[in-house]
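Structure file entry.txt; described as compact mmCIF, N, CA and C atoms.
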# COMPACT_ATOMS: atom_id res chain seq x y z
N MET A 7 -7.17 -11.92 11.73
CA MET A 7 -6.90 -10.90 10.72
C MET A 7 -6.20 -9.71 11.37
N SER A 8 -5.31 -9.12 10.63
CA SER A 8 -4.59 -7.96 11.13
C SER A 8 -5.44 -6.71 10.95
N SER A 9 -5.18 -5.68 11.74
CA SER A 9 -6.00 -4.48 11.68
C SER A 9 -5.57 -3.53 10.56
N TRP A 10 -4.43 -3.75 9.92
CA TRP A 10 -3.97 -2.83 8.87
C TRP A 10 -4.43 -3.22 7.47
N TYR A 11 -5.13 -4.35 7.35
CA TYR A 11 -5.71 -4.68 6.05
C TYR A 11 -7.08 -5.31 6.24
N GLN A 12 -7.88 -5.23 5.18
CA GLN A 12 -9.17 -5.91 5.18
C GLN A 12 -9.56 -6.18 3.74
N TRP A 13 -10.36 -7.20 3.57
CA TRP A 13 -10.87 -7.56 2.24
C TRP A 13 -12.25 -6.97 2.06
N ASP A 14 -12.52 -6.45 0.87
CA ASP A 14 -13.83 -5.94 0.49
C ASP A 14 -14.19 -6.66 -0.81
N GLY A 15 -14.76 -7.85 -0.68
CA GLY A 15 -14.97 -8.70 -1.85
C GLY A 15 -13.62 -9.18 -2.34
N ASP A 16 -13.31 -8.92 -3.62
CA ASP A 16 -12.01 -9.29 -4.18
C ASP A 16 -10.96 -8.19 -4.01
N ASP A 17 -11.38 -7.03 -3.50
CA ASP A 17 -10.47 -5.90 -3.33
C ASP A 17 -9.81 -5.95 -1.96
N LEU A 18 -8.56 -5.52 -1.91
CA LEU A 18 -7.81 -5.47 -0.67
C LEU A 18 -7.63 -4.01 -0.26
N LEU A 19 -7.98 -3.69 0.97
CA LEU A 19 -7.78 -2.35 1.52
C LEU A 19 -6.58 -2.39 2.46
N LEU A 20 -5.64 -1.48 2.25
CA LEU A 20 -4.46 -1.38 3.11
C LEU A 20 -4.48 -0.04 3.83
N HIS A 21 -4.32 -0.08 5.14
CA HIS A 21 -4.17 1.13 5.94
C HIS A 21 -2.67 1.26 6.16
N CYS A 22 -2.06 2.29 5.58
CA CYS A 22 -0.60 2.36 5.62
C CYS A 22 -0.09 3.72 6.08
N ARG A 23 1.14 3.70 6.49
CA ARG A 23 1.88 4.88 6.92
C ARG A 23 3.07 4.99 5.99
N LEU A 24 3.18 6.10 5.29
CA LEU A 24 4.20 6.28 4.27
C LEU A 24 5.42 7.01 4.82
N GLN A 25 6.60 6.53 4.45
CA GLN A 25 7.84 7.25 4.77
C GLN A 25 8.51 7.60 3.45
N PRO A 26 8.33 8.84 2.97
CA PRO A 26 8.96 9.25 1.71
C PRO A 26 10.45 9.54 1.90
N LYS A 27 11.15 9.69 0.79
CA LYS A 27 12.59 10.00 0.75
C LYS A 27 13.42 8.96 1.51
N ALA A 28 13.01 7.69 1.43
CA ALA A 28 13.78 6.62 2.07
C ALA A 28 14.88 6.16 1.12
N SER A 29 15.77 5.31 1.61
CA SER A 29 16.87 4.83 0.77
C SER A 29 16.45 3.74 -0.18
N SER A 30 15.30 3.09 0.09
CA SER A 30 14.81 2.04 -0.81
C SER A 30 13.29 1.91 -0.67
N ASP A 31 12.68 1.26 -1.66
CA ASP A 31 11.25 0.98 -1.60
C ASP A 31 11.07 -0.35 -0.89
N GLU A 32 10.24 -0.36 0.17
CA GLU A 32 10.03 -1.62 0.89
C GLU A 32 8.83 -1.54 1.82
N PHE A 33 8.27 -2.73 2.07
CA PHE A 33 7.26 -2.88 3.10
C PHE A 33 8.02 -3.16 4.39
N VAL A 34 7.86 -2.30 5.40
CA VAL A 34 8.59 -2.46 6.65
C VAL A 34 7.88 -3.46 7.56
N GLY A 35 6.57 -3.32 7.68
CA GLY A 35 5.80 -4.20 8.55
C GLY A 35 4.76 -3.41 9.31
N ALA A 36 3.99 -4.13 10.09
CA ALA A 36 2.90 -3.51 10.84
C ALA A 36 3.44 -2.64 11.97
N GLN A 37 2.84 -1.48 12.10
CA GLN A 37 3.13 -0.58 13.23
C GLN A 37 1.78 -0.09 13.74
N GLY A 38 1.31 -0.74 14.77
CA GLY A 38 -0.02 -0.44 15.28
C GLY A 38 -1.07 -0.90 14.29
N ASP A 39 -1.95 0.02 13.90
CA ASP A 39 -3.03 -0.29 12.97
C ASP A 39 -2.68 0.04 11.52
N GLU A 40 -1.40 0.26 11.23
CA GLU A 40 -0.98 0.63 9.88
C GLU A 40 0.21 -0.21 9.43
N LEU A 41 0.33 -0.35 8.12
CA LEU A 41 1.49 -1.00 7.50
C LEU A 41 2.46 0.10 7.10
N LYS A 42 3.68 0.05 7.59
CA LYS A 42 4.67 1.07 7.23
C LYS A 42 5.29 0.70 5.89
N ILE A 43 5.29 1.69 4.98
CA ILE A 43 5.89 1.52 3.66
C ILE A 43 6.89 2.64 3.44
N ARG A 44 8.10 2.26 3.03
CA ARG A 44 9.13 3.25 2.70
C ARG A 44 9.23 3.34 1.18
N ILE A 45 9.32 4.58 0.67
CA ILE A 45 9.53 4.79 -0.76
C ILE A 45 10.60 5.86 -0.95
N THR A 46 11.24 5.83 -2.11
CA THR A 46 12.35 6.74 -2.37
C THR A 46 11.91 8.12 -2.85
N ALA A 47 10.70 8.26 -3.33
CA ALA A 47 10.24 9.54 -3.90
C ALA A 47 9.99 10.58 -2.81
N PRO A 48 10.23 11.86 -3.14
CA PRO A 48 9.96 12.94 -2.18
C PRO A 48 8.47 13.29 -2.18
N PRO A 49 7.98 13.86 -1.07
CA PRO A 49 6.56 14.24 -0.98
C PRO A 49 6.29 15.61 -1.62
N ILE A 50 6.63 15.74 -2.90
CA ILE A 50 6.48 17.01 -3.60
C ILE A 50 5.66 16.80 -4.87
N ASP A 51 4.67 17.63 -5.08
CA ASP A 51 3.85 17.62 -6.31
C ASP A 51 3.27 16.25 -6.65
N GLY A 52 2.87 15.48 -5.64
CA GLY A 52 2.25 14.19 -5.90
C GLY A 52 3.19 13.07 -6.30
N LYS A 53 4.51 13.33 -6.27
CA LYS A 53 5.48 12.31 -6.68
C LYS A 53 5.45 11.10 -5.75
N ALA A 54 5.30 11.32 -4.46
CA ALA A 54 5.28 10.21 -3.51
C ALA A 54 4.05 9.34 -3.73
N ASN A 55 2.89 9.94 -3.97
CA ASN A 55 1.68 9.16 -4.21
C ASN A 55 1.79 8.34 -5.50
N ALA A 56 2.31 8.95 -6.56
CA ALA A 56 2.48 8.24 -7.83
C ALA A 56 3.45 7.08 -7.67
N HIS A 57 4.54 7.32 -6.95
CA HIS A 57 5.55 6.28 -6.72
C HIS A 57 4.97 5.15 -5.85
N LEU A 58 4.20 5.54 -4.83
CA LEU A 58 3.58 4.55 -3.95
C LEU A 58 2.64 3.64 -4.74
N THR A 59 1.77 4.21 -5.56
CA THR A 59 0.83 3.38 -6.31
C THR A 59 1.56 2.46 -7.29
N ALA A 60 2.64 2.95 -7.91
CA ALA A 60 3.42 2.11 -8.82
C ALA A 60 4.10 0.96 -8.07
N PHE A 61 4.68 1.25 -6.90
CA PHE A 61 5.35 0.22 -6.10
C PHE A 61 4.36 -0.83 -5.62
N VAL A 62 3.21 -0.40 -5.12
CA VAL A 62 2.20 -1.33 -4.62
C VAL A 62 1.64 -2.17 -5.78
N ALA A 63 1.38 -1.53 -6.91
CA ALA A 63 0.87 -2.25 -8.08
C ALA A 63 1.84 -3.36 -8.51
N LYS A 64 3.10 -3.04 -8.59
CA LYS A 64 4.10 -4.04 -8.99
C LYS A 64 4.18 -5.17 -7.95
N SER A 65 4.14 -4.81 -6.68
CA SER A 65 4.24 -5.80 -5.61
C SER A 65 3.06 -6.75 -5.58
N PHE A 66 1.87 -6.26 -5.93
CA PHE A 66 0.66 -7.08 -5.88
C PHE A 66 0.25 -7.62 -7.26
N GLY A 67 1.06 -7.38 -8.28
CA GLY A 67 0.83 -7.95 -9.60
C GLY A 67 -0.37 -7.39 -10.33
N VAL A 68 -0.62 -6.09 -10.18
CA VAL A 68 -1.74 -5.46 -10.89
C VAL A 68 -1.23 -4.21 -11.64
N ALA A 69 -2.07 -3.70 -12.52
CA ALA A 69 -1.75 -2.45 -13.22
C ALA A 69 -1.88 -1.28 -12.25
N LYS A 70 -1.13 -0.21 -12.53
CA LYS A 70 -1.18 0.98 -11.66
C LYS A 70 -2.60 1.53 -11.54
N SER A 71 -3.38 1.38 -12.59
CA SER A 71 -4.75 1.91 -12.57
C SER A 71 -5.66 1.14 -11.61
N ARG A 72 -5.20 -0.03 -11.13
CA ARG A 72 -6.00 -0.84 -10.21
C ARG A 72 -5.63 -0.60 -8.75
N VAL A 73 -4.78 0.40 -8.49
CA VAL A 73 -4.44 0.82 -7.13
C VAL A 73 -4.90 2.27 -6.97
N SER A 74 -5.71 2.52 -5.96
CA SER A 74 -6.19 3.88 -5.75
C SER A 74 -6.01 4.28 -4.29
N ILE A 75 -5.80 5.58 -4.09
CA ILE A 75 -5.70 6.13 -2.74
C ILE A 75 -7.09 6.61 -2.38
N GLU A 76 -7.73 5.95 -1.43
CA GLU A 76 -9.09 6.30 -1.04
C GLU A 76 -9.13 7.40 0.01
N LYS A 77 -8.09 7.47 0.81
CA LYS A 77 -8.06 8.43 1.92
C LYS A 77 -6.61 8.80 2.20
N GLY A 78 -6.35 10.07 2.48
CA GLY A 78 -5.03 10.49 2.89
C GLY A 78 -4.11 10.95 1.78
N GLU A 79 -4.65 11.50 0.70
CA GLU A 79 -3.82 11.98 -0.41
C GLU A 79 -2.71 12.93 0.04
N LEU A 80 -3.01 13.78 1.01
CA LEU A 80 -2.05 14.80 1.41
C LEU A 80 -1.30 14.48 2.70
N GLY A 81 -1.58 13.35 3.32
CA GLY A 81 -0.91 13.01 4.57
C GLY A 81 -0.07 11.75 4.44
N ARG A 82 0.56 11.37 5.52
CA ARG A 82 1.38 10.15 5.51
C ARG A 82 0.55 8.90 5.76
N SER A 83 -0.55 9.04 6.49
CA SER A 83 -1.46 7.91 6.71
C SER A 83 -2.43 7.84 5.55
N LYS A 84 -2.52 6.67 4.93
CA LYS A 84 -3.34 6.51 3.73
C LYS A 84 -4.13 5.22 3.79
N ARG A 85 -5.23 5.19 3.02
CA ARG A 85 -5.95 3.95 2.80
C ARG A 85 -5.91 3.68 1.30
N LEU A 86 -5.34 2.54 0.94
CA LEU A 86 -5.21 2.15 -0.46
C LEU A 86 -6.20 1.04 -0.77
N ARG A 87 -6.74 1.06 -1.98
CA ARG A 87 -7.59 -0.03 -2.48
C ARG A 87 -6.85 -0.67 -3.65
N ILE A 88 -6.66 -1.98 -3.55
CA ILE A 88 -6.03 -2.76 -4.63
C ILE A 88 -7.14 -3.64 -5.21
N HIS A 89 -7.50 -3.37 -6.46
CA HIS A 89 -8.58 -4.10 -7.11
C HIS A 89 -8.08 -5.48 -7.56
N SER A 90 -8.60 -6.52 -6.96
CA SER A 90 -8.32 -7.93 -7.31
C SER A 90 -6.83 -8.22 -7.47
N PRO A 91 -6.05 -8.14 -6.38
CA PRO A 91 -4.61 -8.44 -6.50
C PRO A 91 -4.39 -9.88 -6.95
N THR A 92 -3.38 -10.06 -7.82
CA THR A 92 -3.08 -11.40 -8.34
C THR A 92 -2.01 -12.11 -7.52
N GLN A 93 -1.26 -11.35 -6.72
CA GLN A 93 -0.25 -11.95 -5.85
C GLN A 93 -0.16 -11.13 -4.57
N ILE A 94 0.33 -11.77 -3.53
CA ILE A 94 0.51 -11.11 -2.23
C ILE A 94 1.99 -11.25 -1.86
N PRO A 95 2.68 -10.13 -1.58
CA PRO A 95 4.08 -10.24 -1.16
C PRO A 95 4.20 -11.14 0.08
N ALA A 96 5.10 -12.10 0.04
CA ALA A 96 5.25 -13.09 1.12
C ALA A 96 5.51 -12.43 2.48
N LYS A 97 6.22 -11.33 2.48
CA LYS A 97 6.57 -10.65 3.73
C LYS A 97 5.34 -10.15 4.50
N LEU A 98 4.23 -9.92 3.78
CA LEU A 98 3.07 -9.30 4.41
C LEU A 98 2.14 -10.26 5.12
N ASN A 99 2.18 -11.55 4.79
CA ASN A 99 1.32 -12.56 5.47
C ASN A 99 -0.15 -12.17 5.47
N ILE A 100 -0.64 -11.73 4.32
CA ILE A 100 -2.06 -11.38 4.19
C ILE A 100 -2.83 -12.65 3.83
N ILE A 101 -3.90 -12.90 4.57
CA ILE A 101 -4.70 -14.09 4.35
C ILE A 101 -6.05 -13.68 3.77
N LYS A 102 -6.40 -14.27 2.63
CA LYS A 102 -7.69 -13.98 2.02
C LYS A 102 -8.71 -14.99 2.55
N PRO A 103 -9.86 -14.48 3.04
CA PRO A 103 -10.87 -15.41 3.54
C PRO A 103 -11.45 -16.24 2.41
N SER A 104 -11.86 -17.48 2.74
CA SER A 104 -12.40 -18.34 1.69
C SER A 104 -13.88 -18.16 1.49
Translate the structure described by the file into structure tokens.
Amino acid sequence: MSSWYQWDGDDLLLHCRLQPKASSDEFVGAQGDELKIRITAPPIDGKANAHLTAFVAKSFGVAKSRVSIEKGELGRSKRLRIHSPTQIPAKLNIIKPS
């Protein structure tokens, strides 16, 4: 298992590093103990957090309300909880234990 994600029952926890004001929305890959994510929104008035949760929700096939920021609202390092994801982006190679 990678150190940037873990399963908590059916929920997936992601430890990520955010890069706001990027040219596109994308999962870059693991960098140490975090998953680097680039998003186009600026880090102003919560826009980056809202954009991040929408991007992650779409990528994992869940509603935006099923993605929450558990830690790091005001910083670039964050811990996200995805409640019962229905799909896993192929690029991330996340394995769910049986």
Distance in Å - atom N of Ala60 (chain A) versus CA of Asp31 (chain A): 10.9 Å
Nearest to Arg87 (chain A), chosen from A:Lys102, A:Lys64, A:His21, A:Lys42, with only C-alpha atoms counted in the distances: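 Nearest candidate to Arg87 (chain A) out of A:Lys102, A:Lys64, A:His21, A:Lys42: A:His21.
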Those in chain A with strand (DSSP E or B) from DSSP, as a count of residues only: 35
Non-local contacts of region 90-94 of chain A (12 Å; only C-alpha atoms; under 3 positions in same chain excluded) as a list in words: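 Residues near the query, excluding close chain neighbours: Trp13, Asp14, Gly15, Asp16, Asp17, Leu18, Leu19, Leu20, Phe33, Val62, Ala63, Lys64, Ser65, Phe66, Gly67, Val68, Ala69, Lys70, Ser71, Arg72, Val73, Arg87, Lys97, Leu98, Asn99, Ile100, Ile101 and Lys102 of chain A.
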Pairwise distance for atom N of Ala47 (chain A) and CA of Leu24 (chain A), rounded to one decimal in Å: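 Taking atom N of Ala47 (chain A) and CA of Leu24 (chain A), their separation equals 10.2 Å.
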